[in-house]
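Participant: Before we start, here is the structure in question, set down as structure tokens.
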Amino acid sequence: MSHLDDKMIMCQIGDDRMQFVIDTRYVSILPLREVLESVSIVKILHNVKFDYKFLRMSNIRLNNVWDTMLTSQVINCGKQMSHSLNNVLQRDLNLTMDKSTRQEFVGKHDGEFTESQIVYGAKDVQHLVQLYEHQKVKCDKYDLHATAELENKAALAFADIEFNGIGLNIDTWKDLAKGAAKDVELISYALDAFIESNLKLNKFVDDYVQGDLFIGVEELRKVNVNWASPKQVLDVFKTYGLDVEDVNAKNLHVHSKDKFISTYIRYKEQSKLATSYGDKFLDNVDSDGRIRTNFKQILNTGRVASGKPNMQQIPADNSYRNCFVSGYDDWVFVSGDYSSQELCIIATGSKDPVWLKALENGEDLHSVCAQLVYGKEWSDAIEAGCEYYAFKTLGGGTEIAKQKCNCPGHKKLRTNVKSINFGLAYGMGPHKLADTLLISIKEAEKLIKKYFAAFPAIKNFLESLGNYGKHNGHIKTYAPYRRIRWFEDWDGINTDNTVMGKIERASKNTPIQGSGA
């Protein structure tokens, strides 16, 4: 249901002793505004974002809420379970709700409510206070009260974002879609040309091509490969001599020094732009010309996801992002971000002296790390005007600035170490590092070994997180919001080795990402 195109027809308010059901088609709920907007009275709801948007249409802004659905997700983070009101009540209070009447409300624009519909509405709020009290006890037990309060406050902000939506410059978006489609066509020509010029691939070139009176012979396509078909492209690459199991761009990245492969990767990227971010994306535009996403507020890591459409996956290219506008003449965007947030969490958690000093003094952490990891190889790569080795102050200062420089050798080494620094927050291992840096797995393993030799405190920090998760079946983020993530498949010493490996990686990752989130 949409707050733009559908109307609120019923509002329920009450507790376990008394419930009031209001037919909002005929009775205004504005007399409740003072209570609903009060910052001192707690309002308990289940899925507050949904209700909030409809209340906003009545010019009411909720304050001080407790969402029993969200709080259930906080308490049971990591467990695969439903958080519908019926399931939460059944699980926590051993109560069952009859939801069969719900479908009777669909399309109900006029006529009086039936007794069963009124009773259904009343029961929807009857047990919320009791559930709230039960959840508070659980939050206190697991030290989750601060996290639950934070999520409940954030829910109103997410609801406001969903309510307001964002403007889109549709004409510019359509131009980009046309450009991406044209690029796909041109790149496919280049791929065809490569096949035609490579004898190993001549089985993909037809000896005879059927023409007609309206197409010139030079325009007829001789290559019998559908570049949009992963199965056909995999056959091409195997014939070409590539040892791959699929044509996923992430897996092909390690072969991207080959011009044929890099051209195909570009084809996939442009195809994604032409389809997911082409004219099809405009299906997400609402009746008022604005786009609205739906936030999934609590993932296992504590981070947020969005969908329909996924606004966190919009291409990074500014030509796409600049299509999103406020839509109002007197509104502007204000953006902000934390500087090196996850790196600061790693530094704080590990108490590594090099990391702490670099971050506190405004030094370029990746370059500082690269110097320690590579040693002589780093110092041999110095070139004239190197900003890393420049003095911090004029007049004979001896302390070097340790800033990011433009020395080609330093750039390469810094990039390698930067991949590890950020990869730590995502549980990256040698296979992923090898793919990222286009090096062998053995080289990646050697680089990680050198890295941890230079930074033993970080190695110990990550290992301690992994061990905690393996021994306890859960992991926590840092104070004051000590989010807890349960590992549902954990079975103590009887846990399967593969499962235990996943738990270890998640235990290293969650405190870093979750604390940041």
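Each chain in the structure tokens gets a letter, A, B and so on, in the order shown; residues start at 1 in every chain, and ligands are counted from 1 in the order they appear.
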Taking 5 positions as the minimum chain separation for residues in the same chain, which residues sit within 10 Å of Glu377 of chain A when counting only C-alpha atoms? Answer as a list in words.
Facilitator: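 Returned residues: Ala370, Gln371, Ile382, Gly409, His410 and Leu413 of chain A.
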Participant: Skip Asp258 of chain A itself and residues of its chain fewer than 6 positions away, then list as a ChimeraX atom specification all residues within 12 Å of it, counting only C-alpha atoms.
Facilitator: /A:194,237,240-242,252,264-265,438
Participant: Please list as a PDB file with N, CA and C atoms, in the first residue's frame every residue within 12 Å of Leu32 of chain A, counting only C-alpha atoms and excluding residues in the same chain fewer than 6 positions away.
Facilitator:
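File produced: part.pdb:
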ATOM      1  N   CYS A  11      -8.093   3.730  12.427  1.00  0.00           N
ATOM      2  CA  CYS A  11      -7.005   3.996  13.371  1.00  0.00           C
ATOM      3  C   CYS A  11      -7.403   3.390  14.714  1.00  0.00           C
ATOM      4  N   GLN A  12      -6.484   2.610  15.297  1.00  0.00           N
ATOM      5  CA  GLN A  12      -6.777   1.956  16.565  1.00  0.00           C
ATOM      6  C   GLN A  12      -5.797   2.459  17.635  1.00  0.00           C
ATOM      7  N   ILE A  13      -6.317   2.633  18.828  1.00  0.00           N
ATOM      8  CA  ILE A  13      -5.473   3.061  19.935  1.00  0.00           C
ATOM      9  C   ILE A  13      -6.001   2.392  21.209  1.00  0.00           C
ATOM     10  N   PHE A  20      -9.844   1.485  21.332  1.00  0.00           N
ATOM     11  CA  PHE A  20     -10.750   2.356  20.589  1.00  0.00           C
ATOM     12  C   PHE A  20     -10.453   2.193  19.093  1.00  0.00           C
ATOM     13  N   ILE A  22     -11.303   3.768  15.441  1.00  0.00           N
ATOM     14  CA  ILE A  22     -11.819   5.002  14.832  1.00  0.00           C
ATOM     15  C   ILE A  22     -11.938   4.815  13.323  1.00  0.00           C
ATOM     16  N   SER A  38       3.548  14.005  21.190  1.00  0.00           N
ATOM     17  CA  SER A  38       4.197  14.262  22.476  1.00  0.00           C
ATOM     18  C   SER A  38       5.547  13.540  22.559  1.00  0.00           C
ATOM     19  N   LYS A  43       4.632   5.905  22.309  1.00  0.00           N
ATOM     20  CA  LYS A  43       3.634   5.297  21.423  1.00  0.00           C
ATOM     21  C   LYS A  43       4.187   3.956  20.936  1.00  0.00           C
ATOM     22  N   LEU A  55      -0.017   8.679   8.842  1.00  0.00           N
ATOM     23  CA  LEU A  55      -0.294   9.751   9.805  1.00  0.00           C
ATOM     24  C   LEU A  55       0.235  11.089   9.302  1.00  0.00           C
ATOM     25  N   SER A  58      -2.089  12.948   7.390  1.00  0.00           N
ATOM     26  CA  SER A  58      -3.084  13.652   8.225  1.00  0.00           C
ATOM     27  C   SER A  58      -2.434  14.794   9.002  1.00  0.00           C
ATOM     28  N   ASN A  59      -1.227  15.158   8.595  1.00  0.00           N
ATOM     29  CA  ASN A  59      -0.485  16.269   9.211  1.00  0.00           C
ATOM     30  C   ASN A  59      -0.144  16.001  10.676  1.00  0.00           C
ATOM     31  N   ILE A  60       0.190  14.724  10.964  1.00  0.00           N
ATOM     32  CA  ILE A  60       0.597  14.331  12.318  1.00  0.00           C
ATOM     33  C   ILE A  60       1.981  13.699  12.233  1.00  0.00           C
ATOM     34  N   ARG A  61       2.904  14.177  13.074  1.00  0.00           N
ATOM     35  CA  ARG A  61       4.261  13.626  13.126  1.00  0.00           C
ATOM     36  C   ARG A  61       4.456  12.903  14.458  1.00  0.00           C
ATOM     37  N   LEU A  62       4.653  11.613  14.382  1.00  0.00           N
ATOM     38  CA  LEU A  62       4.874  10.836  15.601  1.00  0.00           C
ATOM     39  C   LEU A  62       6.189  11.205  16.269  1.00  0.00           C
TER      40      LEU A  62
END
Participant: Could you name the residues that touch Ile345 of chain A at 10 Å or less, counting only C-alpha atoms, but leaving out those on the same chain fewer than 2 positions away, as a PyMOL selection string?
Facilitator: chain A and resi 340-343+347-351+425+478+511-513+515-516
Participant: Using atom CA of Leu465 of chain A and atom CA of Leu447 of chain A as the two end points, give the distance in Å to one decimal.
Facilitator: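 Computing it gives 21.9 Å between the two atoms.
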Participant: Please report as a tab-separated table every residue of segment 421-486 of chain A lying within 10 Å of segment 128-145 of chain A, along with the nearest atom pair and their distance in Å (one decimal), using only C-alpha atoms.
Facilitator:
residue	atom	partner	partner_atom	distance
A:Ala479	CA	A:Asp143	CA	9.9
A:Pro480	CA	A:Leu144	CA	9.5
A:Tyr481	CA	A:Leu144	CA	7.3
A:Arg482	CA	A:Leu144	CA	6.3
A:Arg483	CA	A:Leu144	CA	6.4
A:Ile484	CA	A:Leu144	CA	7.7
Participant: Please, could you write that set of residues out with N, CA and C atoms as a PDB file, in the first residue's frame?
Facilitator:
ATOM      1  N   ALA A 479      30.414  -0.414  22.633  1.00  0.00           N
ATOM      2  CA  ALA A 479      29.559   0.477  23.414  1.00  0.00           C
ATOM      3  C   ALA A 479      29.540   1.860  22.746  1.00  0.00           C
ATOM      4  N   PRO A 480      28.474   2.642  22.942  1.00  0.00           N
ATOM      5  CA  PRO A 480      27.361   2.371  23.859  1.00  0.00           C
ATOM      6  C   PRO A 480      26.243   1.525  23.239  1.00  0.00           C
ATOM      7  N   TYR A 481      26.297   1.348  21.908  1.00  0.00           N
ATOM      8  CA  TYR A 481      25.229   0.592  21.245  1.00  0.00           C
ATOM      9  C   TYR A 481      25.716  -0.829  20.985  1.00  0.00           C
ATOM     10  N   ARG A 482      25.614  -1.672  22.002  1.00  0.00           N
ATOM     11  CA  ARG A 482      26.188  -3.015  21.942  1.00  0.00           C
ATOM     12  C   ARG A 482      25.239  -3.981  21.242  1.00  0.00           C
ATOM     13  N   ARG A 483      25.130  -3.793  19.939  1.00  0.00           N
ATOM     14  CA  ARG A 483      24.302  -4.675  19.121  1.00  0.00           C
ATOM     15  C   ARG A 483      24.823  -6.107  19.221  1.00  0.00           C
ATOM     16  N   ILE A 484      23.925  -7.087  19.244  1.00  0.00           N
ATOM     17  CA  ILE A 484      24.333  -8.488  19.326  1.00  0.00           C
ATOM     18  C   ILE A 484      23.872  -9.223  18.070  1.00  0.00           C
TER      19      ILE A 484
END
Participant: Can you pull out the residues contacting Lys250 of chain A? Cut-off 10 Å, using only C-alpha atoms, and skip same-chain residues under 6 positions away; I want them as a list in words.
Facilitator: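 In the requested form, the answer reads Ile265, Lys432, Asp435 and Thr436 of chain A.
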Participant: The selected residues should be written to file as a tab-separated table (two decimals), in the first residue's frame (atoms: C-alpha atoms).
Facilitator:
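As a result, part-v2.tsv now contains:
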chain	number	residue	atom	x	y	z
A	265	ILE	CA	33.62	-6.75	-18.63
A	432	LYS	CA	39.49	-11.92	-2.61
A	435	ASP	CA	41.12	-10.97	-7.38
A	436	THR	CA	41.26	-7.33	-6.29
Participant: DSSP says alpha helix (DSSP H) for which residues of segment 169-402 of chain A? Put them as JSON, numbers by chain?
Facilitator: {"A": [170, 171, 172, 173, 174, 175, 176, 177, 178, 179, 180, 181, 182, 183, 184, 185, 186, 187, 188, 189, 190, 191, 192, 193, 194, 195, 196, 197, 230, 231, 232, 233, 234, 235, 236, 237, 238, 239, 240, 249, 250, 251, 252, 259, 260, 261, 262, 263, 264, 265, 266, 267, 268, 269, 270, 271, 272, 273, 274, 275, 318, 319, 320, 321, 341, 342, 343, 344, 345, 346, 347, 348, 349, 350, 353, 354, 355, 356, 357, 358, 359, 360, 365, 366, 367, 368, 369, 370, 371, 372, 373, 374, 376, 377, 378, 379]}
Participant: Could you list, as a ChimeraX atom specification, every residue within 10 Å of Ala228 of chain A, counting only C-alpha atoms and ignoring same-chain residues fewer than 2 positions away?
Facilitator: /A:188,225-226,230-233,267-268,271
Participant: Any idea what's packed within 8 Å of segment 488-503 of chain A, counting only C-alpha atoms, ignoring anything in its chain fewer than 6 positions away? Could you give it as a ChimeraX atom specification?
Facilitator: /A:78-80,466,469-473
Participant: Considering only strand (DSSP E or B) as DSSP defines it on the backbone, what residues of segment 46-198 of chain A qualify? List them as a PyMOL selection string.
Facilitator: chain A and resi 65-67+166-168
Participant: One decimal, Å: what's the distance from atom CA of Ala249 of chain A over to atom CA of Phe422 of chain A, could you say?
Facilitator: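 Rounded to one decimal, the two atoms are 20.8 Å apart.
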